[in-house]
$ cat my_file21.txt   # compact mmCIF, C-alpha atoms and all ligand atoms
# COMPACT_ATOMS: atom_id res chain seq x y z
CA MET U 17 0.00 0.00 0.00
CA LEU U 18 2.76 2.44 0.89
CA ASP U 19 3.89 1.86 -2.63
CA LEU U 20 0.77 3.60 -3.90
CA LEU U 21 0.61 6.41 -1.37
CA LEU U 22 4.15 7.71 -1.33
CA PRO U 23 5.21 10.19 -4.00
CA GLN U 24 6.92 8.23 -6.76
CA ARG U 25 10.59 8.70 -7.42
CA CYS U 26 12.78 6.93 -9.94
CA VAL U 27 14.86 4.45 -7.96
CA VAL U 28 17.81 4.94 -10.31
CA CYS U 29 18.09 8.73 -10.78
CA GLY U 30 15.71 10.07 -8.11
CA CYS U 31 13.60 12.22 -10.44
CA SER U 32 9.95 12.41 -9.44
CA GLY U 33 7.19 10.77 -11.40
CA THR U 34 7.53 7.00 -11.55
CA GLN U 35 9.58 4.29 -9.86
CA LEU U 36 11.59 3.79 -13.04
CA CYS U 37 11.68 6.80 -15.35
CA ALA U 38 11.69 6.43 -19.12
CA VAL U 39 15.26 7.74 -19.44
CA CYS U 40 16.71 5.27 -16.92
CA ARG U 41 14.63 2.47 -18.41
CA ASP U 42 16.06 3.22 -21.87
CA GLU U 43 19.58 3.50 -20.52
CA LEU U 44 19.65 0.10 -18.84
CA GLN U 45 22.30 -1.81 -20.74
CA ARG U 46 20.54 -4.57 -22.70
CA ILE U 47 22.43 -7.81 -23.18
CA GLU U 48 22.79 -8.23 -26.92
CA PRO U 49 24.05 -11.16 -28.99
CA PRO U 50 26.48 -12.60 -29.82
CA LEU U 51 26.33 -14.63 -26.63
CA CYS U 52 27.74 -17.81 -25.19
CA ALA U 53 25.03 -20.36 -26.00
CA ARG U 54 25.36 -21.90 -22.57
CA CYS U 55 25.81 -19.22 -19.95
CA GLY U 56 24.61 -16.17 -21.89
CA ALA U 57 27.77 -14.10 -21.44
CA PRO U 58 28.25 -11.55 -24.25
CA THR U 59 31.06 -12.76 -26.51
CA ALA U 60 32.90 -11.47 -29.60
CA TRP U 61 31.17 -14.12 -31.75
CA PRO U 62 28.68 -16.90 -31.00
CA VAL U 63 30.27 -19.74 -29.02
CA GLU U 64 28.98 -22.91 -27.37
CA ARG U 65 31.06 -22.32 -24.26
CA CYS U 66 33.00 -19.24 -23.19
CA ARG U 67 35.87 -18.36 -20.86
CA GLU U 68 33.39 -17.90 -18.05
CA CYS U 69 31.78 -21.34 -18.25
CA THR U 70 34.25 -23.67 -19.97
CA GLY U 71 34.98 -26.69 -17.80
CA ARG U 72 32.19 -25.94 -15.36
CA ARG U 73 29.48 -28.48 -14.68
CA LEU U 74 26.33 -26.50 -15.26
CA ALA U 75 23.04 -28.34 -14.91
CA PHE U 76 21.13 -25.74 -16.94
CA ALA U 77 20.99 -25.93 -20.73
CA SER U 78 21.15 -22.16 -21.14
CA ALA U 79 21.09 -19.01 -19.05
CA ARG U 80 19.76 -15.69 -20.33
CA ALA U 81 19.16 -12.26 -18.86
CA ALA U 82 17.69 -8.98 -20.05
CA VAL U 83 20.16 -6.39 -18.80
CA ALA U 84 23.70 -6.04 -17.46
CA TYR U 85 23.97 -5.92 -13.69
CA ASP U 86 25.67 -2.51 -13.69
CA ALA U 87 25.30 0.38 -11.25
CA ALA U 88 21.85 1.40 -12.54
CA ALA U 89 20.49 -2.17 -12.52
CA ARG U 90 21.98 -2.64 -9.06
CA ARG U 91 20.04 0.37 -7.73
CA LEU U 92 16.89 -0.92 -9.34
CA VAL U 93 17.28 -4.43 -7.92
CA HIS U 94 18.18 -3.07 -4.51
CA ALA U 95 15.01 -0.95 -4.35
CA TRP U 96 12.95 -3.85 -5.60
CA LYS U 97 14.40 -6.31 -3.08
CA GLU U 98 15.14 -4.32 0.01
CA ARG U 99 12.45 -1.66 -0.15
CA GLY U 100 9.85 -4.09 -1.43
CA LEU U 101 8.75 -1.89 -4.32
CA ARG U 102 6.48 -4.46 -5.85
CA ARG U 103 5.61 -2.49 -8.94
CA LEU U 104 9.21 -2.94 -10.05
CA ALA U 105 8.51 -6.65 -10.55
CA ALA U 106 6.21 -5.72 -13.44
CA GLU U 107 8.83 -3.34 -14.87
CA THR U 108 11.58 -5.94 -14.72
CA ALA U 109 9.31 -8.64 -16.16
CA GLN U 110 8.43 -6.32 -19.03
CA LEU U 111 12.13 -5.72 -19.72
CA VAL U 112 12.76 -9.48 -19.73
CA ALA U 113 9.78 -10.19 -21.98
CA GLU U 114 10.97 -7.52 -24.44
CA ARG U 115 14.38 -9.20 -24.73
CA LEU U 116 13.52 -12.88 -24.53
CA PRO U 117 10.84 -14.78 -26.44
CA ALA U 118 8.59 -17.13 -24.49
CA PRO U 119 10.66 -20.25 -23.79
CA GLU U 120 9.50 -23.61 -25.12
CA VAL U 121 8.90 -25.21 -21.75
CA GLU U 122 6.00 -26.63 -19.77
CA ALA U 123 6.31 -24.35 -16.77
CA LEU U 124 8.23 -21.65 -14.98
CA THR U 125 9.55 -21.91 -11.48
CA PHE U 126 11.71 -19.64 -9.33
CA VAL U 127 14.64 -19.68 -6.95
CA PRO U 128 13.13 -19.75 -3.45
CA ALA U 129 14.13 -17.07 -0.96
CA ASP U 130 15.93 -18.31 2.06
CA ARG U 131 13.60 -18.35 4.99
CA GLY U 132 15.16 -15.57 7.02
CA ARG U 133 15.24 -13.14 4.15
CA ARG U 134 11.74 -13.93 3.02
CA LEU U 135 10.37 -13.27 6.50
CA GLU U 136 12.37 -10.08 6.73
CA ARG U 137 11.17 -8.67 3.42
CA GLY U 138 7.81 -10.37 3.20
CA HIS U 139 8.29 -11.20 -0.45
CA ASN U 140 10.54 -13.04 -2.85
CA PRO U 141 11.58 -10.96 -5.88
CA ALA U 142 12.37 -14.06 -7.96
CA GLU U 143 8.88 -15.41 -7.32
CA ARG U 144 7.23 -12.09 -8.23
CA LEU U 145 9.28 -11.88 -11.40
CA ALA U 146 8.30 -15.46 -12.31
CA LEU U 147 4.61 -14.75 -11.72
CA GLU U 148 4.76 -11.64 -13.90
CA LEU U 149 6.61 -13.52 -16.65
CA ALA U 150 4.14 -16.41 -16.48
CA VAL U 151 1.37 -13.98 -17.44
CA ARG U 152 3.38 -12.49 -20.31
CA TRP U 153 4.59 -15.85 -21.60
CA GLU U 154 1.27 -17.62 -20.97
CA LEU U 155 2.90 -20.41 -19.00
CA PRO U 156 2.10 -21.83 -15.58
CA CYS U 157 4.32 -20.83 -12.68
CA LEU U 158 4.88 -23.63 -10.19
CA PRO U 159 6.71 -23.52 -6.84
CA LEU U 160 8.98 -26.50 -7.52
CA LEU U 161 11.96 -25.76 -5.30
CA GLU U 162 12.71 -25.33 -1.64
CA ARG U 163 15.85 -24.51 0.27
CA THR U 164 17.60 -27.19 2.25
CA ARG U 165 19.94 -26.81 5.14
CA GLY U 166 23.35 -27.91 3.98
CA GLY U 167 21.98 -30.29 1.38
CA ARG U 168 22.87 -33.43 3.32
CA GLN U 169 21.53 -36.73 2.05
CA ARG U 170 20.27 -38.85 4.89
CA GLY U 171 17.79 -41.70 4.70
CA SER U 172 16.25 -42.81 1.46
CA SER U 173 12.79 -41.32 1.14
CA ALA U 174 11.89 -39.93 -2.28
CA VAL U 175 12.11 -36.41 -0.97
CA GLU U 176 15.54 -36.97 0.49
CA ARG U 177 16.82 -38.56 -2.71
CA ARG U 178 15.86 -35.37 -4.49
CA THR U 179 18.17 -33.44 -2.22
CA VAL U 180 21.15 -32.44 -4.29
CA ARG U 181 24.36 -30.57 -3.77
CA GLY U 182 23.84 -26.90 -3.19
CA SER U 183 20.92 -25.75 -1.22
CA PHE U 184 17.82 -26.75 -3.13
CA ARG U 185 15.55 -29.70 -3.53
CA ALA U 186 12.43 -30.21 -5.60
CA THR U 187 9.13 -30.28 -3.76
CA GLY U 188 7.77 -32.95 -6.13
CA ALA U 189 8.14 -34.23 -9.68
CA ALA U 190 9.39 -31.56 -12.11
CA PRO U 191 8.03 -31.06 -15.65
CA ARG U 192 10.27 -32.31 -18.47
CA LYS U 193 11.13 -28.81 -19.66
CA VAL U 194 11.21 -25.98 -17.18
CA VAL U 195 12.63 -22.48 -16.77
CA VAL U 196 13.97 -21.35 -13.42
CA ILE U 197 13.69 -17.60 -12.76
CA ASP U 198 15.95 -15.52 -10.55
CA ASP U 199 16.36 -11.77 -10.18
CA VAL U 200 20.13 -11.66 -10.74
CA TYR U 201 22.61 -14.08 -12.31
CA THR U 202 26.04 -13.56 -10.82
CA THR U 203 28.32 -16.60 -11.03
CA GLY U 204 25.70 -19.08 -12.22
CA ALA U 205 26.16 -21.22 -9.10
CA THR U 206 22.60 -20.63 -7.88
CA ALA U 207 21.08 -21.34 -11.30
CA ALA U 208 23.20 -24.49 -11.59
CA ALA U 209 22.17 -25.76 -8.14
CA ALA U 210 18.50 -25.04 -8.84
CA ALA U 211 18.73 -26.76 -12.23
CA SER U 212 20.41 -29.79 -10.76
CA ALA U 213 17.62 -30.16 -8.16
CA LEU U 214 15.02 -29.93 -10.94
CA ARG U 215 16.86 -32.51 -13.04
CA ALA U 216 17.08 -34.83 -10.06
CA ALA U 217 13.28 -34.53 -9.86
CA GLY U 218 12.76 -35.53 -13.49
CA ALA U 219 13.34 -32.43 -15.62
CA ARG U 220 15.19 -33.22 -18.86
CA ARG U 221 15.95 -29.65 -19.81
CA VAL U 222 16.25 -26.66 -17.50
CA GLU U 223 16.79 -23.11 -18.72
CA ALA U 224 17.70 -20.25 -16.43
CA VAL U 225 16.36 -16.72 -16.88
CA ALA U 226 17.26 -13.69 -14.80
CA PHE U 227 16.47 -10.02 -14.99
CA ALA U 228 20.09 -8.89 -14.72
CA ARG U 229 23.42 -10.57 -15.29
CA ALA U 230 26.82 -9.69 -13.87
CA LEU U 231 29.29 -9.18 -16.73
CA ARG U 232 32.99 -9.81 -16.49
CA ARG U 233 35.23 -7.13 -17.78
CA GLY U 234 37.68 -7.75 -20.60
ZN ZN C 301 15.44 7.75 -13.68
ZN ZN C 302 29.60 -19.29 -21.24
$ encode --input "my_file21.txt" --output "structure tokens" --more "lines below"
Ligand SMILES: [Zn+2]
Ligand SMILES: [Zn+2]
Amino acid sequence: MLDLLLPQRCVVCGCSGTQLCAVCRDELQRIEPPLCARCGAPTAWPVERCRECTGRRLAFASARAAVAYDAAARRLVHAWKERGLRRLAAETAQLVAERLPAPEVEALTFVPADRGRRLERGHNPAERLALELAVRWELPCLPLLERTRGGRQRGSSAVERRTVRGSFRATGAAPRKVVVIDDVYTTGATAAAAASALRAAGARRVEAVAFARALRRG
């Protein structure tokens, strides 16, 4: 509610009017091809694997993002996450949908917030982004993942067998083709851990999509 009552200011430049002004929206650095087919890093020419992901075991088939995680995107994501400016979820989803066509999958899911943070903020930006994208891409959004503590494998129940390295496990069977949504892609470790939990639960192909992606220099 506060969102609607407070005077609106652009979270990037501070001008009054809207939470993301047209100038800042236009100036967000879009990630343009050529890209690494696997991890989505911008490259000099199209490659299957790049310097950033060669030799890494990545459980996702591809990772894509709409914009570079630069200073402006960082301010936007910070306001969205920490100040709970929910309207920004629609803005970020729109930016993603403008860059990326609807994926050929059965469902979307999202990286779950860790419990402490979710309680603190009262919302999970990755989940809100996934819900907004589900509308735009006309796909179902399913809560398929949960956080685990330490990812230990004890016992042999079906749920425990789905526990994989990293900190996620699937809450049930996963669709064959699924996209996992997160707000920011940094090293790819989170996307890879989420994808590996989904594959352990039956997914054959997992794609990762984020709003913003950290870019290496050079
Ligand atoms: Zn602005
Ligand atoms: Zn790569």
$ atom_distance --input "my_file21.txt" --atom1 "CA of Ser78 in chain U" --atom2 "CA of Ala105 in chain U"
22.6 Å
$ residues_around --input "my_file21.txt" --residues "Thr125 in chain U" --least-positions-apart "3" --cutoff "9 Å" --atoms "only C-alpha atoms" --output "PyMOL selection string"
chain U and resi 143+146-147+156-161+194-197
$ closest_residue --input "my_file21.txt" --among "U:Arg152, U:Arg163, U:Arg41, U:Lys193" --to "Ala224 in chain U" --atoms "only C-alpha atoms"
U:Lys193
$ residues_around --input "my_file21.txt" --residues "Ala213 in chain U" --least-positions-apart "2" --cutoff "6 Å" --atoms "all atoms listed in the file" --output "short mmCIF file (atom, residue, chain, number, x, y, z; two decimals) with C-alpha atoms, in the frame of the given file"
data_model
loop_
_atom_site.label_atom_id
_atom_site.label_comp_id
_atom_site.auth_asym_id
_atom_site.auth_seq_id
_atom_site.Cartn_x
_atom_site.Cartn_y
_atom_site.Cartn_z
CA VAL U 180 21.15 -32.44 -4.29
CA ARG U 185 15.55 -29.70 -3.53
CA ALA U 186 12.43 -30.21 -5.60
CA ALA U 210 18.50 -25.04 -8.84
CA ALA U 211 18.73 -26.76 -12.23
CA ARG U 215 16.86 -32.51 -13.04
CA ALA U 216 17.08 -34.83 -10.06
#
$ residues_near_point --input "my_file21.txt" --point "(13.0, -16.9, -2.1)" --cutoff "7 Å" --atoms "all atoms listed in the file" --output "PyMOL selection string"
chain U and resi 127-130+134+140+142-143
$ residues_near_ligand --input "my_file21.txt" --ligand "ligand ZN 302 (chain C)" --cutoff "12 Å" --atoms "only C-alpha atoms and all ligand atoms" --output "MDAnalysis selection string"
chainID U and resid 50:74 76:80 203:204 231:232
$ closest_residue --input "my_file21.txt" --among "U:Arg46, U:Arg91, U:Arg115, U:His139" --to "ligand ZN 301 (chain C)" --atoms "only C-alpha atoms and all ligand atoms"
U:Arg91
$ closest_atom_pairs --input "my_file21.txt" --of "chain U" --to "ligand ZN 301 (chain C)" --cutoff "10 Å" --atoms "all atoms listed in the file" --output "Markdown table"
| residue | atom | partner | partner_atom | distance |
| --- | --- | --- | --- | --- |
| U:Arg25 | CA | C:ZN301 | ZN | 8.0 |
| U:Cys26 | CA | C:ZN301 | ZN | 4.7 |
| U:Val27 | CA | C:ZN301 | ZN | 6.6 |
| U:Val28 | CA | C:ZN301 | ZN | 5.0 |
| U:Cys29 | CA | C:ZN301 | ZN | 4.0 |
| U:Gly30 | CA | C:ZN301 | ZN | 6.0 |
| U:Cys31 | CA | C:ZN301 | ZN | 5.8 |
| U:Ser32 | CA | C:ZN301 | ZN | 8.4 |
| U:Gly33 | CA | C:ZN301 | ZN | 9.1 |
| U:Thr34 | CA | C:ZN301 | ZN | 8.2 |
| U:Gln35 | CA | C:ZN301 | ZN | 7.8 |
| U:Leu36 | CA | C:ZN301 | ZN | 5.6 |
| U:Cys37 | CA | C:ZN301 | ZN | 4.2 |
| U:Ala38 | CA | C:ZN301 | ZN | 6.7 |
| U:Val39 | CA | C:ZN301 | ZN | 5.8 |
| U:Cys40 | CA | C:ZN301 | ZN | 4.3 |
| U:Arg41 | CA | C:ZN301 | ZN | 7.1 |
| U:Asp42 | CA | C:ZN301 | ZN | 9.4 |
| U:Glu43 | CA | C:ZN301 | ZN | 9.1 |
| U:Ala88 | CA | C:ZN301 | ZN | 9.1 |
| U:Leu92 | CA | C:ZN301 | ZN | 9.8 |
$ closest_residue --input "my_file21.txt" --among "U:Val121, U:Ala75, U:Ala190, U:Ala82" --to "Leu44 in chain U" --atoms "only C-alpha atoms"
U:Ala82
$ closest_residue --input "my_file21.txt" --among "U:Glu120, U:Trp153, U:Asp199, U:Phe184" --to "His94 in chain U" --atoms "all atoms listed in the file"
U:Asp199
$ atom_distance --input "my_file21.txt" --atom1 "CA of Ala106 in chain U" --atom2 "CA of Thr206 in chain U"
22.8 Å
$ atom_distance --input "my_file21.txt" --atom1 "CA of Arg192 in chain U" --atom2 "CA of Arg220 in chain U"
5.0 Å
$ closest_residue --input "my_file21.txt" --among "U:Ala189, U:Ala150, U:Val112, U:Ala118" --to "Val83 in chain U" --atoms "all atoms listed in the file"
U:Val112
$ closest_residue --input "my_file21.txt" --among "U:Leu155, U:Leu214, U:Val200, U:Leu149" --to "Leu116 in chain U" --atoms "only C-alpha atoms"
U:Leu149
